[in-house]
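Enquirer: Just passing along the structure, written as structure tokens.
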Amino acid sequence: MAILLDSASLADAAAAAELGFVGGITTNPALMARETGAPLTQLERLLTAFPAGPLCFQPVGDTASEMIDQARAAVALAPQRVVVKLPATLEALRAATALRAEGCHCALTAVYAPAQALLADEVGCKWIIPYVDRAARQSLGGLVVIDALAAILTALDSDTRILAASLKSSQQVVDSILHGAHDVTAPLDVLTGLAAHPLTESAVAEFAAAAAKAQAGAQ
Ligand code: E4P
């Protein structure tokens, strides 16, 4: 399993690198738009701020050719690390097919339909990315989508992995894995929240108090 950060912020990337358990970063055009500078410039900065692991970059454009041009420029920055994230549309699938032929790593994103897993496998995508919370907000059942994707990819003995995204809570992260996602991506606050439990905090306080008391008694 890999735990990824879903953010285009340099501060988030640096903080995630310090956590130790974060294995990569996903971005999207909306997250990039919150930052200053062109998306490719920000991608380059993110590659430095988070020095190891995959970094997903999502081109924008109406045609496969526009997406391919942007993807090539992104991949050229770090061919082994950049994963081209493309929405599950026919035009983007054309782009993904061409990019795969060039050896680029690709991911199929904004996935809601189980049938899209067939296409991700066929094109040879590293990841298929269902949007769990967005699906839940539309009463589609994000976890039901993951169930179906997992069943299809298992039936195909596929190398494509499910990267659960649009995760807004620890519970959604845990449920995604329990329903068959291989990997997860979430904002920094959700990732740091994975360690949070009030009883853990009270146990730590209790141990610290006991250690301090023992130390005081030994002096
Ligand atoms: C995933 O890669 C996307 O960036 C992201 O999770 C989209 O969902 P959200 O906008 O609901 O967070």
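Residues in the structure tokens are numbered from 1 in each chain, the chains being A, B, ... in the order shown, and ligands are numbered from 1 in the order shown.
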At a cut-off of 7 Å, can you tabulate as a Markdown table every residue of chain A near ligand 1 together with its closest atom pair and the distance in Å to one decimal, using only C-alpha atoms and all ligand atoms and ordering rows by chain then number?
Expert:
```
| residue | atom | partner | partner_atom_place_in_ligand_line | distance |
| --- | --- | --- | --- | --- |
| A:Asp6 | CA | ligand 1 | 4 (O) | 5.6 |
| A:Thr26 | CA | ligand 1 | 2 (O) | 5.1 |
| A:Thr27 | CA | ligand 1 | 4 (O) | 5.2 |
| A:Asn28 | CA | ligand 1 | 4 (O) | 4.8 |
| A:Thr109 | CA | ligand 1 | 2 (O) | 6.8 |
| A:Ile129 | CA | ligand 1 | 2 (O) | 6.7 |
| A:Tyr131 | CA | ligand 1 | 8 (O) | 5.8 |
| A:Asp133 | CA | ligand 1 | 11 (O) | 6.1 |
| A:Arg134 | CA | ligand 1 | 11 (O) | 5.4 |
| A:Ala165 | CA | ligand 1 | 6 (O) | 4.1 |
| A:Ser166 | CA | ligand 1 | 6 (O) | 3.4 |
| A:Leu167 | CA | ligand 1 | 6 (O) | 6.4 |
| A:Thr185 | CA | ligand 1 | 6 (O) | 6.6 |
| A:Ala186 | CA | ligand 1 | 6 (O) | 6.4 |
```
Enquirer: Show me a table, sorted first by chain and then by increasing residue number, of the residues of range 82-163 of chain A having an atom at most 12 Å from range 37-50 of chain A, each with its shortest atom pair and the distance in Å to one decimal, counting only C-alpha atoms and written as CSV.
Expert:
```
residue,atom,partner,partner_atom,distance
A:Val82,CA,A:Leu47,CA,8.8
A:Val83,CA,A:Leu43,CA,11.4
A:Val84,CA,A:Leu43,CA,11.8
```
Enquirer: Between CA of Ala52 in chain A and CA of Arg81 in chain A, what is the spacing in Å?
Expert: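 Between these atoms lies a distance of 7.7 Å.
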Enquirer: Per residue of range 132-203 of chain A within 12 Å of range 15-18 of chain A, note the shortest atom pair and the distance in Å to one decimal, counting only C-alpha atoms, and order the rows by chain and increasing residue number, as a tab-separated table.
Expert:
```
residue	atom	partner	partner_atom	distance
A:Thr185	CA	A:Ala16	CA	11.8
A:Ala186	CA	A:Ala16	CA	11.0
A:Pro187	CA	A:Ala16	CA	9.8
A:Leu188	CA	A:Ala16	CA	7.1
A:Asp189	CA	A:Ala16	CA	10.2
A:Val190	CA	A:Ala16	CA	11.4
A:Leu191	CA	A:Ala16	CA	8.6
A:Thr192	CA	A:Ala16	CA	8.9
```
Enquirer: Out of chain A, which residues get alpha helix (DSSP H) from DSSP, as an MDAnalysis selection string?
Expert: chainID A and resid 10:19 29:33 39:49 64:77 90:101 115:123 132:137 142:155 170:178 188:193 198:218
Enquirer: According to DSSP computed on the backbone, where in range 76-161 of chain A is there strand (DSSP E or B)? Give the residues as an MDAnalysis selection string.
Expert: chainID A and resid 82:87 105:111 127:131 161
Enquirer: Would you mind exporting all heavy atoms of the selected residues as a compact mmCIF listing (two decimals), in the first residue's frame?
Expert:
```
# COMPACT_ATOMS: atom_id res chain seq x y z
N VAL A 82 7.24 11.14 -12.68
CA VAL A 82 5.97 11.80 -13.05
C VAL A 82 4.99 10.77 -13.61
O VAL A 82 5.32 10.00 -14.51
CB VAL A 82 6.22 12.93 -14.07
CG1 VAL A 82 4.88 13.48 -14.59
CG2 VAL A 82 7.03 14.05 -13.42
N VAL A 83 3.80 10.77 -13.04
CA VAL A 83 2.69 9.93 -13.53
C VAL A 83 1.66 10.87 -14.16
O VAL A 83 1.22 11.82 -13.51
CB VAL A 83 2.04 9.13 -12.38
CG1 VAL A 83 0.86 8.30 -12.90
CG2 VAL A 83 3.07 8.23 -11.71
N VAL A 84 1.32 10.61 -15.41
CA VAL A 84 0.37 11.47 -16.12
C VAL A 84 -1.04 11.00 -15.75
O VAL A 84 -1.41 9.86 -16.02
CB VAL A 84 0.57 11.40 -17.64
CG1 VAL A 84 -0.42 12.33 -18.33
CG2 VAL A 84 2.00 11.76 -18.00
N LYS A 85 -1.77 11.92 -15.13
CA LYS A 85 -3.12 11.61 -14.65
C LYS A 85 -4.10 12.16 -15.67
O LYS A 85 -4.08 13.35 -15.98
CB LYS A 85 -3.24 12.35 -13.32
CG LYS A 85 -4.30 11.97 -12.36
CD LYS A 85 -3.88 12.60 -11.02
CE LYS A 85 -5.01 12.68 -10.06
NZ LYS A 85 -5.57 14.03 -9.98
N LEU A 86 -4.94 11.30 -16.20
CA LEU A 86 -5.87 11.72 -17.26
C LEU A 86 -7.28 11.30 -16.89
O LEU A 86 -7.48 10.18 -16.38
CB LEU A 86 -5.46 11.08 -18.59
CG LEU A 86 -4.13 11.59 -19.16
CD1 LEU A 86 -3.53 10.58 -20.12
CD2 LEU A 86 -4.33 12.94 -19.83
N PRO A 87 -8.28 12.15 -17.16
CA PRO A 87 -9.65 11.76 -16.84
C PRO A 87 -10.14 10.64 -17.74
O PRO A 87 -9.62 10.45 -18.85
CB PRO A 87 -10.45 13.06 -17.07
CG PRO A 87 -9.62 13.84 -18.02
CD PRO A 87 -8.19 13.49 -17.75
N HIS A 105 4.33 6.65 -17.48
CA HIS A 105 3.40 6.11 -16.49
C HIS A 105 2.11 6.94 -16.56
O HIS A 105 2.17 8.17 -16.58
CB HIS A 105 3.98 6.21 -15.09
CG HIS A 105 5.29 5.51 -14.94
ND1 HIS A 105 5.44 4.15 -15.11
CD2 HIS A 105 6.52 5.98 -14.64
CE1 HIS A 105 6.70 3.81 -14.91
NE2 HIS A 105 7.38 4.91 -14.63
N CYS A 106 0.95 6.25 -16.57
CA CYS A 106 -0.33 6.96 -16.66
C CYS A 106 -1.29 6.47 -15.58
O CYS A 106 -1.18 5.34 -15.11
CB CYS A 106 -0.99 6.72 -18.03
SG CYS A 106 -0.09 7.47 -19.39
N ALA A 107 -2.24 7.35 -15.23
CA ALA A 107 -3.31 7.00 -14.30
C ALA A 107 -4.62 7.52 -14.87
O ALA A 107 -4.65 8.59 -15.49
CB ALA A 107 -3.04 7.62 -12.93
N LEU A 108 -5.68 6.76 -14.66
CA LEU A 108 -7.01 7.18 -15.13
C LEU A 108 -7.78 7.72 -13.94
O LEU A 108 -7.99 7.00 -12.95
CB LEU A 108 -7.73 5.98 -15.75
CG LEU A 108 -8.84 6.31 -16.75
CD1 LEU A 108 -8.27 7.03 -17.97
CD2 LEU A 108 -9.55 5.02 -17.18
N THR A 109 -8.20 8.99 -14.03
CA THR A 109 -8.76 9.64 -12.85
C THR A 109 -10.21 10.08 -13.07
O THR A 109 -10.75 9.94 -14.16
CB THR A 109 -7.87 10.86 -12.46
OG1 THR A 109 -8.21 11.28 -11.14
CG2 THR A 109 -8.04 12.02 -13.42
N ALA A 110 -10.82 10.58 -11.97
CA ALA A 110 -12.23 10.98 -11.98
C ALA A 110 -13.10 9.80 -12.40
O ALA A 110 -13.97 9.92 -13.26
CB ALA A 110 -12.45 12.20 -12.88
N VAL A 111 -12.83 8.67 -11.77
CA VAL A 111 -13.51 7.42 -12.14
C VAL A 111 -14.73 7.18 -11.25
O VAL A 111 -14.65 7.28 -10.02
CB VAL A 111 -12.50 6.24 -12.02
CG1 VAL A 111 -13.21 4.91 -12.00
CG2 VAL A 111 -11.51 6.31 -13.18
N TRP A 127 -2.48 3.35 -12.25
CA TRP A 127 -3.55 3.53 -11.28
C TRP A 127 -4.87 3.84 -11.96
O TRP A 127 -4.90 4.46 -13.03
CB TRP A 127 -3.25 4.71 -10.35
CG TRP A 127 -2.34 4.44 -9.20
CD1 TRP A 127 -2.45 3.43 -8.27
CD2 TRP A 127 -1.19 5.20 -8.81
NE1 TRP A 127 -1.43 3.53 -7.34
CE2 TRP A 127 -0.66 4.61 -7.65
CE3 TRP A 127 -0.57 6.34 -9.33
CZ2 TRP A 127 0.48 5.11 -7.00
CZ3 TRP A 127 0.54 6.84 -8.69
CH2 TRP A 127 1.06 6.22 -7.54
N ILE A 128 -5.95 3.43 -11.30
CA ILE A 128 -7.28 3.94 -11.60
C ILE A 128 -7.74 4.66 -10.33
O ILE A 128 -7.54 4.16 -9.22
CB ILE A 128 -8.25 2.80 -12.03
CG1 ILE A 128 -9.57 3.37 -12.48
CG2 ILE A 128 -8.45 1.76 -10.95
CD1 ILE A 128 -10.43 2.39 -13.27
N ILE A 129 -8.31 5.86 -10.51
CA ILE A 129 -8.52 6.73 -9.34
C ILE A 129 -10.00 7.07 -9.16
O ILE A 129 -10.52 7.99 -9.81
CB ILE A 129 -7.67 8.03 -9.49
CG1 ILE A 129 -6.22 7.68 -9.82
CG2 ILE A 129 -7.78 8.87 -8.24
CD1 ILE A 129 -5.29 8.88 -9.97
N PRO A 130 -10.71 6.33 -8.30
CA PRO A 130 -12.11 6.66 -7.99
C PRO A 130 -12.19 7.78 -6.96
O PRO A 130 -11.35 7.86 -6.06
CB PRO A 130 -12.65 5.35 -7.42
CG PRO A 130 -11.46 4.67 -6.82
CD PRO A 130 -10.26 5.09 -7.62
N TYR A 131 -13.22 8.62 -7.10
CA TYR A 131 -13.42 9.76 -6.19
C TYR A 131 -14.47 9.39 -5.15
O TYR A 131 -15.67 9.51 -5.39
CB TYR A 131 -13.87 10.98 -7.00
CG TYR A 131 -12.76 11.69 -7.77
CD1 TYR A 131 -11.48 11.18 -7.83
CD2 TYR A 131 -13.03 12.88 -8.42
CE1 TYR A 131 -10.48 11.84 -8.53
CE2 TYR A 131 -12.03 13.55 -9.13
CZ TYR A 131 -10.76 13.03 -9.17
OH TYR A 131 -9.77 13.68 -9.86
N ARG A 161 -3.59 -0.61 -10.34
CA ARG A 161 -3.91 -0.51 -8.91
C ARG A 161 -5.00 0.53 -8.69
O ARG A 161 -5.09 1.51 -9.44
CB ARG A 161 -2.66 -0.12 -8.11
CG ARG A 161 -1.55 -1.15 -8.18
CD ARG A 161 -0.26 -0.64 -7.56
NE ARG A 161 -0.34 -0.45 -6.12
CZ ARG A 161 -0.16 -1.41 -5.22
NH1 ARG A 161 0.14 -2.65 -5.62
NH2 ARG A 161 -0.24 -1.17 -3.92
```
Enquirer: Got a sec: who's within 6 Å of Thr97 in chain A, counting only C-alpha atoms, leaving out chain neighbours fewer than 3 positions off, as a list in words?
Expert: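 Near Thr97 in chain A, the qualifying residues are Arg94, Arg100 and Val123 of chain A.
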Enquirer: Please, what distance in Å, to one decimal, runs between CA of Ala150 in chain A and CA of Thr89 in chain A?
Expert: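 Distance reported for this atom pair: 20.3 Å.
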